[in-house]
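Source file target.pdb; content: PDB, C-alpha atoms and all ligand atoms.
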```
MODEL        1
ATOM      1  CA  MET A 278     -14.694   8.155 -11.399  1.00  0.00           C
ATOM      2  CA  SER A 279     -15.116   7.873 -15.150  1.00  0.00           C
ATOM      3  CA  ASP A 280     -18.507   8.464 -16.712  1.00  0.00           C
ATOM      4  CA  ASP A 281     -18.494   5.536 -19.090  1.00  0.00           C
ATOM      5  CA  ILE A 282     -19.698   3.047 -16.484  1.00  0.00           C
ATOM      6  CA  ASN A 283     -23.227   1.781 -17.099  1.00  0.00           C
ATOM      7  CA  PRO A 284     -24.156  -0.123 -13.946  1.00  0.00           C
ATOM      8  CA  ALA A 285     -27.556  -1.259 -15.258  1.00  0.00           C
ATOM      9  CA  ALA A 286     -26.023  -2.717 -18.426  1.00  0.00           C
ATOM     10  CA  ASN A 287     -23.247  -4.304 -16.365  1.00  0.00           C
ATOM     11  CA  LEU A 288     -25.859  -5.853 -14.073  1.00  0.00           C
ATOM     12  CA  ARG A 289     -27.668  -7.403 -17.032  1.00  0.00           C
ATOM     13  CA  ALA A 290     -24.385  -8.780 -18.370  1.00  0.00           C
ATOM     14  CA  ILE A 291     -23.539 -10.346 -15.002  1.00  0.00           C
ATOM     15  CA  GLN A 292     -27.019 -11.857 -14.726  1.00  0.00           C
ATOM     16  CA  ALA A 293     -26.520 -13.417 -18.165  1.00  0.00           C
ATOM     17  CA  ARG A 294     -23.109 -14.793 -17.173  1.00  0.00           C
ATOM     18  CA  ILE A 295     -24.591 -16.259 -13.976  1.00  0.00           C
ATOM     19  CA  ALA A 296     -27.306 -17.975 -16.009  1.00  0.00           C
ATOM     20  CA  GLY A 297     -24.681 -19.260 -18.454  1.00  0.00           C
ATOM     21  CA  ALA A 298     -22.463 -20.595 -15.678  1.00  0.00           C
ATOM     22  CA  ARG A 299     -25.439 -22.329 -14.073  1.00  0.00           C
ATOM     23  CA  ASP A 300     -26.364 -23.940 -17.405  1.00  0.00           C
ATOM     24  CA  ALA A 301     -22.801 -25.163 -17.885  1.00  0.00           C
ATOM     25  CA  ALA A 302     -22.366 -26.461 -14.328  1.00  0.00           C
ATOM     26  CA  ILE A 303     -22.842 -30.143 -13.574  1.00  0.00           C
ATOM     27  CA  ALA A 304     -24.129 -29.539 -10.057  1.00  0.00           C
ATOM     28  CA  PRO A 305     -25.127 -25.897  -9.547  1.00  0.00           C
ATOM     29  CA  ALA A 306     -27.076 -24.884  -6.452  1.00  0.00           C
ATOM     30  CA  ASP A 307     -30.872 -24.851  -6.756  1.00  0.00           C
ATOM     31  CA  ALA A 308     -30.603 -21.075  -7.020  1.00  0.00           C
ATOM     32  CA  THR A 309     -27.717 -18.607  -7.225  1.00  0.00           C
ATOM     33  CA  ARG A 310     -28.396 -15.148  -5.827  1.00  0.00           C
ATOM     34  CA  LEU A 311     -26.434 -12.113  -6.926  1.00  0.00           C
ATOM     35  CA  ILE A 312     -25.364  -9.675  -4.208  1.00  0.00           C
ATOM     36  CA  ALA A 313     -24.325  -6.355  -5.767  1.00  0.00           C
ATOM     37  CA  ILE A 314     -21.393  -5.123  -3.671  1.00  0.00           C
ATOM     38  CA  SER A 315     -21.740  -1.339  -3.628  1.00  0.00           C
ATOM     39  CA  LYS A 316     -18.946  -0.405  -1.203  1.00  0.00           C
ATOM     40  CA  GLY A 317     -17.092   2.704  -2.309  1.00  0.00           C
ATOM     41  CA  HIS A 318     -19.907   3.791  -4.623  1.00  0.00           C
ATOM     42  CA  ASP A 319     -22.557   6.432  -4.119  1.00  0.00           C
ATOM     43  CA  GLU A 320     -26.250   6.676  -4.853  1.00  0.00           C
ATOM     44  CA  ALA A 321     -25.664   7.814  -8.434  1.00  0.00           C
ATOM     45  CA  ARG A 322     -24.142   4.408  -9.225  1.00  0.00           C
ATOM     46  CA  ILE A 323     -26.530   2.403  -7.053  1.00  0.00           C
ATOM     47  CA  LEU A 324     -29.876   3.842  -8.225  1.00  0.00           C
ATOM     48  CA  PRO A 325     -29.742   2.524 -11.813  1.00  0.00           C
ATOM     49  CA  VAL A 326     -29.120  -0.958 -10.405  1.00  0.00           C
ATOM     50  CA  LEU A 327     -32.090  -0.628  -8.047  1.00  0.00           C
ATOM     51  CA  GLU A 328     -34.240   0.624 -10.918  1.00  0.00           C
ATOM     52  CA  GLU A 329     -33.171  -2.426 -12.904  1.00  0.00           C
ATOM     53  CA  GLY A 330     -34.775  -4.549 -10.186  1.00  0.00           C
ATOM     54  CA  GLN A 331     -31.741  -5.647  -8.178  1.00  0.00           C
ATOM     55  CA  ARG A 332     -32.586  -5.887  -4.464  1.00  0.00           C
ATOM     56  CA  LEU A 333     -29.661  -7.717  -2.780  1.00  0.00           C
ATOM     57  CA  PHE A 334     -26.776  -5.396  -1.968  1.00  0.00           C
ATOM     58  CA  GLY A 335     -23.594  -5.802   0.059  1.00  0.00           C
ATOM     59  CA  GLU A 336     -21.347  -3.412   1.939  1.00  0.00           C
ATOM     60  CA  ASN A 337     -18.144  -4.061   3.847  1.00  0.00           C
ATOM     61  CA  ARG A 338     -18.231  -1.193   6.370  1.00  0.00           C
ATOM     62  CA  VAL A 339     -21.028  -0.527   8.844  1.00  0.00           C
ATOM     63  CA  GLN A 340     -20.283   3.199   9.022  1.00  0.00           C
ATOM     64  CA  GLU A 341     -20.327   3.718   5.265  1.00  0.00           C
ATOM     65  CA  ALA A 342     -23.537   1.700   4.914  1.00  0.00           C
ATOM     66  CA  MET A 343     -25.273   3.729   7.640  1.00  0.00           C
ATOM     67  CA  GLY A 344     -24.684   6.899   5.673  1.00  0.00           C
ATOM     68  CA  LYS A 345     -25.923   5.475   2.391  1.00  0.00           C
ATOM     69  CA  TRP A 346     -28.697   2.968   2.834  1.00  0.00           C
ATOM     70  CA  PRO A 347     -31.450   4.304   5.145  1.00  0.00           C
ATOM     71  CA  PRO A 348     -32.870   6.702   2.481  1.00  0.00           C
ATOM     72  CA  LEU A 349     -32.612   4.034  -0.212  1.00  0.00           C
ATOM     73  CA  LYS A 350     -34.331   1.469   2.043  1.00  0.00           C
ATOM     74  CA  ALA A 351     -37.131   3.988   2.605  1.00  0.00           C
ATOM     75  CA  ARG A 352     -37.668   4.243  -1.162  1.00  0.00           C
ATOM     76  CA  PHE A 353     -37.216   0.528  -1.888  1.00  0.00           C
ATOM     77  CA  PRO A 354     -38.514  -1.320   1.197  1.00  0.00           C
ATOM     78  CA  ASP A 355     -37.705  -4.786  -0.155  1.00  0.00           C
ATOM     79  CA  ILE A 356     -33.949  -4.178  -0.281  1.00  0.00           C
ATOM     80  CA  GLU A 357     -31.984  -6.960   1.423  1.00  0.00           C
ATOM     81  CA  LEU A 358     -28.706  -5.646   2.815  1.00  0.00           C
ATOM     82  CA  HIS A 359     -25.692  -7.910   3.414  1.00  0.00           C
ATOM     83  CA  LEU A 360     -22.615  -7.064   5.487  1.00  0.00           C
ATOM     84  CA  VAL A 361     -19.635  -8.802   3.875  1.00  0.00           C
ATOM     85  CA  GLY A 362     -16.778  -7.106   5.733  1.00  0.00           C
ATOM     86  CA  PRO A 363     -15.314  -7.553   9.211  1.00  0.00           C
ATOM     87  CA  LEU A 364     -17.504  -6.567  12.170  1.00  0.00           C
ATOM     88  CA  GLN A 365     -16.296  -5.185  15.492  1.00  0.00           C
ATOM     89  CA  THR A 366     -18.384  -6.108  18.508  1.00  0.00           C
ATOM     90  CA  ASN A 367     -18.951  -2.444  19.413  1.00  0.00           C
ATOM     91  CA  LYS A 368     -20.695  -1.949  16.036  1.00  0.00           C
ATOM     92  CA  ILE A 369     -23.047  -4.870  16.462  1.00  0.00           C
ATOM     93  CA  GLY A 370     -26.086  -2.762  17.426  1.00  0.00           C
ATOM     94  CA  ASP A 371     -25.699  -0.581  14.340  1.00  0.00           C
ATOM     95  CA  ALA A 372     -25.159  -3.643  12.168  1.00  0.00           C
ATOM     96  CA  MET A 373     -28.259  -5.385  13.553  1.00  0.00           C
ATOM     97  CA  ALA A 374     -30.392  -2.314  12.828  1.00  0.00           C
ATOM     98  CA  LEU A 375     -29.351  -2.121   9.177  1.00  0.00           C
ATOM     99  CA  PHE A 376     -28.302  -5.512   7.842  1.00  0.00           C
ATOM    100  CA  ASP A 377     -30.478  -8.516   7.040  1.00  0.00           C
ATOM    101  CA  VAL A 378     -27.548 -10.887   6.602  1.00  0.00           C
ATOM    102  CA  VAL A 379     -23.968 -10.879   7.933  1.00  0.00           C
ATOM    103  CA  HIS A 380     -21.312 -12.927   6.076  1.00  0.00           C
ATOM    104  CA  SER A 381     -18.419 -12.384   8.492  1.00  0.00           C
ATOM    105  CA  LEU A 382     -19.090 -14.317  11.699  1.00  0.00           C
ATOM    106  CA  ASP A 383     -15.536 -15.435  12.406  1.00  0.00           C
ATOM    107  CA  ARG A 384     -14.822 -15.632  16.136  1.00  0.00           C
ATOM    108  CA  GLU A 385     -16.187 -16.638  19.508  1.00  0.00           C
ATOM    109  CA  LYS A 386     -16.358 -13.095  20.863  1.00  0.00           C
ATOM    110  CA  LEU A 387     -18.541 -11.975  17.960  1.00  0.00           C
ATOM    111  CA  ALA A 388     -20.784 -15.032  18.277  1.00  0.00           C
ATOM    112  CA  VAL A 389     -21.373 -14.308  21.964  1.00  0.00           C
ATOM    113  CA  ALA A 390     -22.079 -10.653  21.133  1.00  0.00           C
ATOM    114  CA  PHE A 391     -24.653 -11.681  18.516  1.00  0.00           C
ATOM    115  CA  ALA A 392     -26.327 -14.018  20.985  1.00  0.00           C
ATOM    116  CA  GLY A 393     -26.512 -11.249  23.591  1.00  0.00           C
ATOM    117  CA  ALA A 394     -27.854  -8.716  21.090  1.00  0.00           C
ATOM    118  CA  ARG A 395     -30.370 -11.262  19.807  1.00  0.00           C
ATOM    119  CA  ASP A 396     -31.641 -11.858  23.368  1.00  0.00           C
ATOM    120  CA  LYS A 397     -31.994  -8.124  23.883  1.00  0.00           C
ATOM    121  CA  GLU A 398     -33.479  -7.145  20.508  1.00  0.00           C
ATOM    122  CA  GLY A 399     -35.546 -10.235  19.814  1.00  0.00           C
ATOM    123  CA  HIS A 400     -34.118 -10.663  16.310  1.00  0.00           C
ATOM    124  CA  CYS A 401     -30.833 -11.486  14.636  1.00  0.00           C
ATOM    125  CA  PRO A 402     -29.512 -11.181  11.087  1.00  0.00           C
ATOM    126  CA  LYS A 403     -28.968 -14.424   9.236  1.00  0.00           C
ATOM    127  CA  LEU A 404     -25.323 -15.419   9.554  1.00  0.00           C
ATOM    128  CA  PHE A 405     -22.619 -16.924   7.403  1.00  0.00           C
ATOM    129  CA  VAL A 406     -19.476 -18.191   9.101  1.00  0.00           C
ATOM    130  CA  GLN A 407     -16.405 -16.901   7.259  1.00  0.00           C
ATOM    131  CA  VAL A 408     -13.719 -19.527   6.705  1.00  0.00           C
ATOM    132  CA  ASN A 409     -10.097 -18.544   6.042  1.00  0.00           C
ATOM    133  CA  THR A 410      -9.662 -21.342   3.504  1.00  0.00           C
ATOM    134  CA  GLY A 411      -6.168 -20.169   2.524  1.00  0.00           C
ATOM    135  CA  GLU A 412      -5.071 -19.879   6.173  1.00  0.00           C
ATOM    136  CA  GLU A 413      -3.750 -16.389   5.438  1.00  0.00           C
ATOM    137  CA  PRO A 414      -2.595 -14.659   8.633  1.00  0.00           C
ATOM    138  CA  GLN A 415      -3.846 -11.221   7.537  1.00  0.00           C
ATOM    139  CA  LYS A 416      -7.302 -12.472   6.551  1.00  0.00           C
ATOM    140  CA  ALA A 417     -10.402 -12.854   8.712  1.00  0.00           C
ATOM    141  CA  GLY A 418     -12.175 -16.176   9.092  1.00  0.00           C
ATOM    142  CA  VAL A 419     -12.025 -19.301  11.202  1.00  0.00           C
ATOM    143  CA  ALA A 420      -9.298 -21.813  10.368  1.00  0.00           C
ATOM    144  CA  PRO A 421     -10.517 -24.682   8.185  1.00  0.00           C
ATOM    145  CA  LYS A 422      -9.910 -27.297  10.871  1.00  0.00           C
ATOM    146  CA  GLU A 423     -11.943 -25.286  13.402  1.00  0.00           C
ATOM    147  CA  THR A 424     -14.898 -24.732  11.091  1.00  0.00           C
ATOM    148  CA  VAL A 425     -17.047 -27.705  12.057  1.00  0.00           C
ATOM    149  CA  ALA A 426     -16.715 -27.184  15.806  1.00  0.00           C
ATOM    150  CA  PHE A 427     -17.242 -23.425  15.530  1.00  0.00           C
ATOM    151  CA  VAL A 428     -20.417 -23.744  13.437  1.00  0.00           C
ATOM    152  CA  ARG A 429     -21.829 -26.377  15.791  1.00  0.00           C
ATOM    153  CA  HIS A 430     -21.095 -24.154  18.773  1.00  0.00           C
ATOM    154  CA  CYS A 431     -22.762 -21.097  17.161  1.00  0.00           C
ATOM    155  CA  ARG A 432     -25.745 -22.898  15.688  1.00  0.00           C
ATOM    156  CA  ASP A 433     -26.471 -25.652  18.185  1.00  0.00           C
ATOM    157  CA  GLY A 434     -24.972 -24.142  21.343  1.00  0.00           C
ATOM    158  CA  LEU A 435     -25.732 -20.430  21.050  1.00  0.00           C
ATOM    159  CA  LYS A 436     -28.776 -21.058  18.780  1.00  0.00           C
ATOM    160  CA  LEU A 437     -27.626 -18.441  16.276  1.00  0.00           C
ATOM    161  CA  PRO A 438     -29.238 -18.457  12.809  1.00  0.00           C
ATOM    162  CA  VAL A 439     -26.163 -19.732  10.934  1.00  0.00           C
ATOM    163  CA  ILE A 440     -27.304 -20.459   7.374  1.00  0.00           C
ATOM    164  CA  GLY A 441     -24.049 -20.996   5.503  1.00  0.00           C
ATOM    165  CA  LEU A 442     -20.320 -20.523   4.951  1.00  0.00           C
ATOM    166  CA  MET A 443     -18.405 -17.745   3.223  1.00  0.00           C
ATOM    167  CA  CYS A 444     -14.840 -17.542   1.910  1.00  0.00           C
ATOM    168  CA  ILE A 445     -12.493 -15.184   0.071  1.00  0.00           C
ATOM    169  CA  PRO A 446      -9.753 -17.275  -1.599  1.00  0.00           C
ATOM    170  CA  PRO A 447      -6.160 -15.949  -1.718  1.00  0.00           C
ATOM    171  CA  VAL A 448      -5.801 -13.563  -4.670  1.00  0.00           C
ATOM    172  CA  GLU A 449      -2.862 -15.322  -6.287  1.00  0.00           C
ATOM    173  CA  GLU A 450      -4.306 -18.836  -6.169  1.00  0.00           C
ATOM    174  CA  ASN A 451      -6.684 -20.912  -8.217  1.00  0.00           C
ATOM    175  CA  PRO A 452      -9.942 -20.432  -6.268  1.00  0.00           C
ATOM    176  CA  ALA A 453     -11.434 -23.817  -7.215  1.00  0.00           C
ATOM    177  CA  PRO A 454      -9.918 -25.885  -4.351  1.00  0.00           C
ATOM    178  CA  HIS A 455     -11.056 -23.235  -1.873  1.00  0.00           C
ATOM    179  CA  PHE A 456     -14.618 -23.368  -3.158  1.00  0.00           C
ATOM    180  CA  ALA A 457     -14.523 -27.167  -3.071  1.00  0.00           C
ATOM    181  CA  LEU A 458     -13.299 -27.127   0.534  1.00  0.00           C
ATOM    182  CA  LEU A 459     -16.075 -24.736   1.574  1.00  0.00           C
ATOM    183  CA  LYS A 460     -18.682 -26.882  -0.132  1.00  0.00           C
ATOM    184  CA  ASN A 461     -17.424 -29.983   1.680  1.00  0.00           C
ATOM    185  CA  TYR A 462     -17.713 -28.302   5.074  1.00  0.00           C
ATOM    186  CA  ALA A 463     -21.207 -27.035   4.245  1.00  0.00           C
ATOM    187  CA  ARG A 464     -22.254 -30.553   3.291  1.00  0.00           C
ATOM    188  CA  GLU A 465     -20.795 -32.042   6.467  1.00  0.00           C
ATOM    189  CA  LEU A 466     -22.689 -29.467   8.529  1.00  0.00           C
ATOM    190  CA  ALA A 467     -25.905 -29.648   6.460  1.00  0.00           C
ATOM    191  CA  LEU A 468     -25.721 -25.893   5.863  1.00  0.00           C
ATOM    192  CA  PRO A 469     -27.802 -24.836   2.829  1.00  0.00           C
ATOM    193  CA  PHE A 470     -25.954 -21.701   1.670  1.00  0.00           C
ATOM    194  CA  LEU A 471     -22.518 -20.943   0.215  1.00  0.00           C
ATOM    195  CA  SER A 472     -21.349 -17.334  -0.211  1.00  0.00           C
ATOM    196  CA  MET A 473     -18.434 -17.518  -2.629  1.00  0.00           C
ATOM    197  CA  GLY A 474     -17.301 -15.926  -5.868  1.00  0.00           C
ATOM    198  CA  MET A 475     -16.515 -12.272  -6.709  1.00  0.00           C
ATOM    199  CA  SER A 476     -16.066 -10.348  -9.983  1.00  0.00           C
ATOM    200  CA  ASP A 477     -13.092 -12.443 -11.097  1.00  0.00           C
ATOM    201  CA  ASP A 478     -14.209 -15.903 -10.068  1.00  0.00           C
ATOM    202  CA  PHE A 479     -17.996 -16.098  -9.656  1.00  0.00           C
ATOM    203  CA  GLU A 480     -18.436 -18.469 -12.592  1.00  0.00           C
ATOM    204  CA  THR A 481     -16.005 -20.923 -10.980  1.00  0.00           C
ATOM    205  CA  ALA A 482     -17.853 -20.550  -7.665  1.00  0.00           C
ATOM    206  CA  ILE A 483     -21.136 -21.405  -9.395  1.00  0.00           C
ATOM    207  CA  ARG A 484     -19.565 -24.638 -10.671  1.00  0.00           C
ATOM    208  CA  PHE A 485     -18.900 -25.542  -7.047  1.00  0.00           C
ATOM    209  CA  GLY A 486     -22.424 -24.779  -5.898  1.00  0.00           C
ATOM    210  CA  ALA A 487     -22.380 -21.106  -4.842  1.00  0.00           C
ATOM    211  CA  THR A 488     -25.795 -19.927  -3.646  1.00  0.00           C
ATOM    212  CA  HIS A 489     -24.670 -16.295  -3.200  1.00  0.00           C
ATOM    213  CA  VAL A 490     -22.106 -14.571  -5.424  1.00  0.00           C
ATOM    214  CA  ARG A 491     -20.750 -11.176  -4.344  1.00  0.00           C
ATOM    215  CA  VAL A 492     -19.992  -8.980  -7.355  1.00  0.00           C
ATOM    216  CA  GLY A 493     -18.799  -5.379  -7.052  1.00  0.00           C
ATOM    217  CA  THR A 494     -16.323  -4.107  -9.638  1.00  0.00           C
ATOM    218  CA  ALA A 495     -17.932  -5.875 -12.600  1.00  0.00           C
ATOM    219  CA  ILE A 496     -21.180  -3.996 -11.917  1.00  0.00           C
ATOM    220  CA  PHE A 497     -20.172  -0.635 -10.476  1.00  0.00           C
ATOM    221  CA  GLY A 498     -16.670  -0.159 -11.882  1.00  0.00           C
ATOM    222  CA  SER A 499     -13.452   0.202  -9.927  1.00  0.00           C
ATOM    223  CA  ARG A 500     -13.434   1.836  -6.511  1.00  0.00           C
ATOM    224  CA  ALA A 501     -11.660   5.102  -5.818  1.00  0.00           C
TER     225      ALA A 501
HETATM  226  C1  LIG A 601     -15.346  -6.038  -2.170  1.00  0.00           C
HETATM  227  C2  LIG A 601     -15.835  -7.399  -1.881  1.00  0.00           C
HETATM  228  C3  LIG A 601     -16.455  -8.172  -2.877  1.00  0.00           C
HETATM  229  C4  LIG A 601     -16.603  -7.706  -4.317  1.00  0.00           C
HETATM  230  O1  LIG A 601     -15.355  -7.745  -4.938  1.00  0.00           O
HETATM  231  P1  LIG A 601     -15.205  -7.397  -6.506  1.00  0.00           P
HETATM  232  O2  LIG A 601     -13.897  -7.973  -6.874  1.00  0.00           O
HETATM  233  O3  LIG A 601     -15.254  -5.910  -6.598  1.00  0.00           O
HETATM  234  O4  LIG A 601     -16.335  -8.043  -7.207  1.00  0.00           O
HETATM  235  C5  LIG A 601     -16.906  -9.425  -2.522  1.00  0.00           C
HETATM  236  N1  LIG A 601     -16.785  -9.907  -1.271  1.00  0.00           N
HETATM  237  C6  LIG A 601     -16.215  -9.183  -0.289  1.00  0.00           C
HETATM  238  C7  LIG A 601     -16.105  -9.776   1.063  1.00  0.00           C
HETATM  239  C8  LIG A 601     -15.712  -7.923  -0.555  1.00  0.00           C
HETATM  240  O5  LIG A 601     -15.121  -7.220   0.417  1.00  0.00           O
ENDMDL
END
```
Output the structure of this file as C-alpha cells.
Amino acid sequence: MSDDINPAANLRAIQARIAGARDAAIAPADATRLIAISKGHDEARILPVLEEGQRLFGENRVQEAMGKWPPLKARFPDIELHLVGPLQTNKIGDAMALFDVVHSLDREKLAVAFAGARDKEGHCPKLFVQVNTGEEPQKAGVAPKETVAFVRHCRDGLKLPVIGLMCIPPVEENPAPHFALLKNYARELALPFLSMGMSDDFETAIRFGATHVRVGTAIFGSRA
C-alpha cells in the first residue's frame, strides 16, 4: 500500500461531493448517509476516518470484520457497522453479534435463518433486500420481478425489519436506469431507504434518491 493516501482528507472531499450532489439534485432523499467501506484495509487506514467523526462503516466479509472491529467498537461505542457482502446462513450468528445493518438479504433460506435467529436472540439487524437489477447470473440479489413478492414475504410474513433495497449495477453499464428501477420498487413497497452508489457512481445515485451511499476506494485507496 502506498503512503500517500490521506483517508481523513479523502473523507472530507467525499462529504463535500455528497453535499454538492444533494444541492444539484431535483429530488434527493431527506438525508444521504455515507457508509465508509473499509474492507481490505486495516486499523491504520480506518482510525483517521474515525477520528474525523465518521461512524458508519461497511465490510463485505464476516470473518474479516470479526478480526478488525471489536476493539474499534470498544473505543468508539457509537460505530454503526454494515454488512454489504454476501452472507452464508452458517455465519448468521456471528453476523448478528457484530453488524447493525445487513444489506444483502437475497434469498428465502437466509430470510428464514434471520427469522429463526431473531426468535432465539430477541433482536435482528436492520435489513436491506439486495436486488440484482442487471440480472447478472454471477451476482447476488433477487431478480427484479421477484422483488415485490420477496419483500412482502420477508417484511409482512416473517416480520423481518426490512428497511430498504440495495443494488450493485453492472460495471460496464450506465448505473442510472438501475438506480431508477430500485427507487421505483422502494416506492411501490413504501420502503424508506435506498442503498446505492459506490466510489464511481454515488453522485448519480444521490440524484435518484440514495439514502445510503457505500464508498470505499475513494476514501481508503485501492485494495491489495
Ligand atoms: C466494495 C464495495 C463497495 C465500495 O466500492 P468502492 O468502489 O471501493 O467504493 C460498495 N458496495 C459493496 C457491496 C461493496 O462490496
For each of A:Gly441, A:Gly486, A:Gly474, A:Gly399, take the minimum atom-to-atom distance to ligand LIG 601 (chain A), counting all atoms listed in the file, then give the residue where this is smallest.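 Comparing A:Gly441, A:Gly486, A:Gly474, A:Gly399 against ligand LIG 601 (chain A), the winner is A:Gly474.
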I'd like the neighbourhood of Ala426 of chain A as a PyMOL selection string, where a residue qualifies if any of its atoms comes within 12 Å (using all atoms listed in the file), though same-chain residues fewer than 6 positions away should be ignored. chain A and resi 384-385+406+419-420+432-434+462+465-466
Please produce a file of those selected residues containing C-alpha atoms, as an mmCIF file, in the frame of the given file.
```
data_model
loop_
_atom_site.group_PDB
_atom_site.id
_atom_site.type_symbol
_atom_site.label_atom_id
_atom_site.label_comp_id
_atom_site.auth_asym_id
_atom_site.auth_seq_id
_atom_site.Cartn_x
_atom_site.Cartn_y
_atom_site.Cartn_z
ATOM 1 C CA ARG A 384 -14.822 -15.632 16.136
ATOM 2 C CA GLU A 385 -16.187 -16.638 19.508
ATOM 3 C CA VAL A 406 -19.476 -18.191 9.101
ATOM 4 C CA VAL A 419 -12.025 -19.301 11.202
ATOM 5 C CA ALA A 420 -9.298 -21.813 10.368
ATOM 6 C CA ARG A 432 -25.745 -22.898 15.688
ATOM 7 C CA ASP A 433 -26.471 -25.652 18.185
ATOM 8 C CA GLY A 434 -24.972 -24.142 21.343
ATOM 9 C CA TYR A 462 -17.713 -28.302 5.074
ATOM 10 C CA GLU A 465 -20.795 -32.042 6.467
ATOM 11 C CA LEU A 466 -22.689 -29.467 8.529
#
```
Pull out every residue that the PyMOL selection byres (((chain A and resi 367) around 12) and not hetatm) matches in the shown coordinates and put them as a list in words. Val339, Gln340, Pro363, Leu364, Gln365, Thr366, Lys368, Ile369, Gly370, Asp371, Ala372, Met373, Lys386, Leu387, Ala390, Phe391 and Ala394 of chain A
Please identify all protein, DNA and RNA residues within 8 Å of ligand LIG 601 (chain A), counting only C-alpha atoms and all ligand atoms, and report them as an NGL selection string. :A and (313-314 or 316 or 336-337 or 361-362 or 380 or 444-445 or 473-477 or 490-496 or 498-500)
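Separating atom CA of Gln415 of chain A from atom CA of Pro447 of chain A is a distance of 10.6 Å.
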Give me, as a PyMOL selection string, all polymer residues having an atom no more than 9 Å from Met443 of chain A, counting only C-alpha atoms and skipping those fewer than 6 positions away in the same chain. chain A and resi 380-381+405-409+418+459+470-473
Check what the PyMOL selection byres (((chain A and resi 451) around 12) and not hetatm) selects in the file above and give those residues as a list in words. Gly411, Ile445, Pro446, Pro447, Val448, Glu449, Glu450, Pro452, Ala453, Pro454, His455, Phe456, Ala457, Gly474, Asp477, Asp478, Thr481 and Ala482 of chain A
Output C-alpha atoms for every residue in the selection just made, as a PDB file, keeping the file's coordinate frame.
```
ATOM      1  CA  GLY A 411      -6.168 -20.169   2.524  1.00  0.00           C
ATOM      2  CA  ILE A 445     -12.493 -15.184   0.071  1.00  0.00           C
ATOM      3  CA  PRO A 446      -9.753 -17.275  -1.599  1.00  0.00           C
ATOM      4  CA  PRO A 447      -6.160 -15.949  -1.718  1.00  0.00           C
ATOM      5  CA  VAL A 448      -5.801 -13.563  -4.670  1.00  0.00           C
ATOM      6  CA  GLU A 449      -2.862 -15.322  -6.287  1.00  0.00           C
ATOM      7  CA  GLU A 450      -4.306 -18.836  -6.169  1.00  0.00           C
ATOM      8  CA  PRO A 452      -9.942 -20.432  -6.268  1.00  0.00           C
ATOM      9  CA  ALA A 453     -11.434 -23.817  -7.215  1.00  0.00           C
ATOM     10  CA  PRO A 454      -9.918 -25.885  -4.351  1.00  0.00           C
ATOM     11  CA  HIS A 455     -11.056 -23.235  -1.873  1.00  0.00           C
ATOM     12  CA  PHE A 456     -14.618 -23.368  -3.158  1.00  0.00           C
ATOM     13  CA  ALA A 457     -14.523 -27.167  -3.071  1.00  0.00           C
ATOM     14  CA  GLY A 474     -17.301 -15.926  -5.868  1.00  0.00           C
ATOM     15  CA  ASP A 477     -13.092 -12.443 -11.097  1.00  0.00           C
ATOM     16  CA  ASP A 478     -14.209 -15.903 -10.068  1.00  0.00           C
ATOM     17  CA  THR A 481     -16.005 -20.923 -10.980  1.00  0.00           C
ATOM     18  CA  ALA A 482     -17.853 -20.550  -7.665  1.00  0.00           C
TER      19      ALA A 482
END
```
Counting all atoms listed in the file, figure out which residue out of A:Pro438, A:Ala463, A:Ala285, A:Asp377 gets nearest to Arg322 of chain A.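 Distance minimum relative to Arg322 of chain A lands on A:Ala285.
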Given the choices A:Gly297, A:Pro421, A:Gly317, A:Pro325, which gets closest to Asp383 of chain A if the distance is worked out from all atoms listed in the file? A:Pro421
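Distances to His318 of chain A were evaluated for A:Phe497, A:Gln292, A:Leu437, A:Ile282 using only C-alpha atoms, and the minimum falls at A:Phe497.
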Which of these, A:Lys416, A:Arg352, A:Arg338, A:Lys436, has the shortest distance to Val379 of chain A once you count only C-alpha atoms? A:Arg338
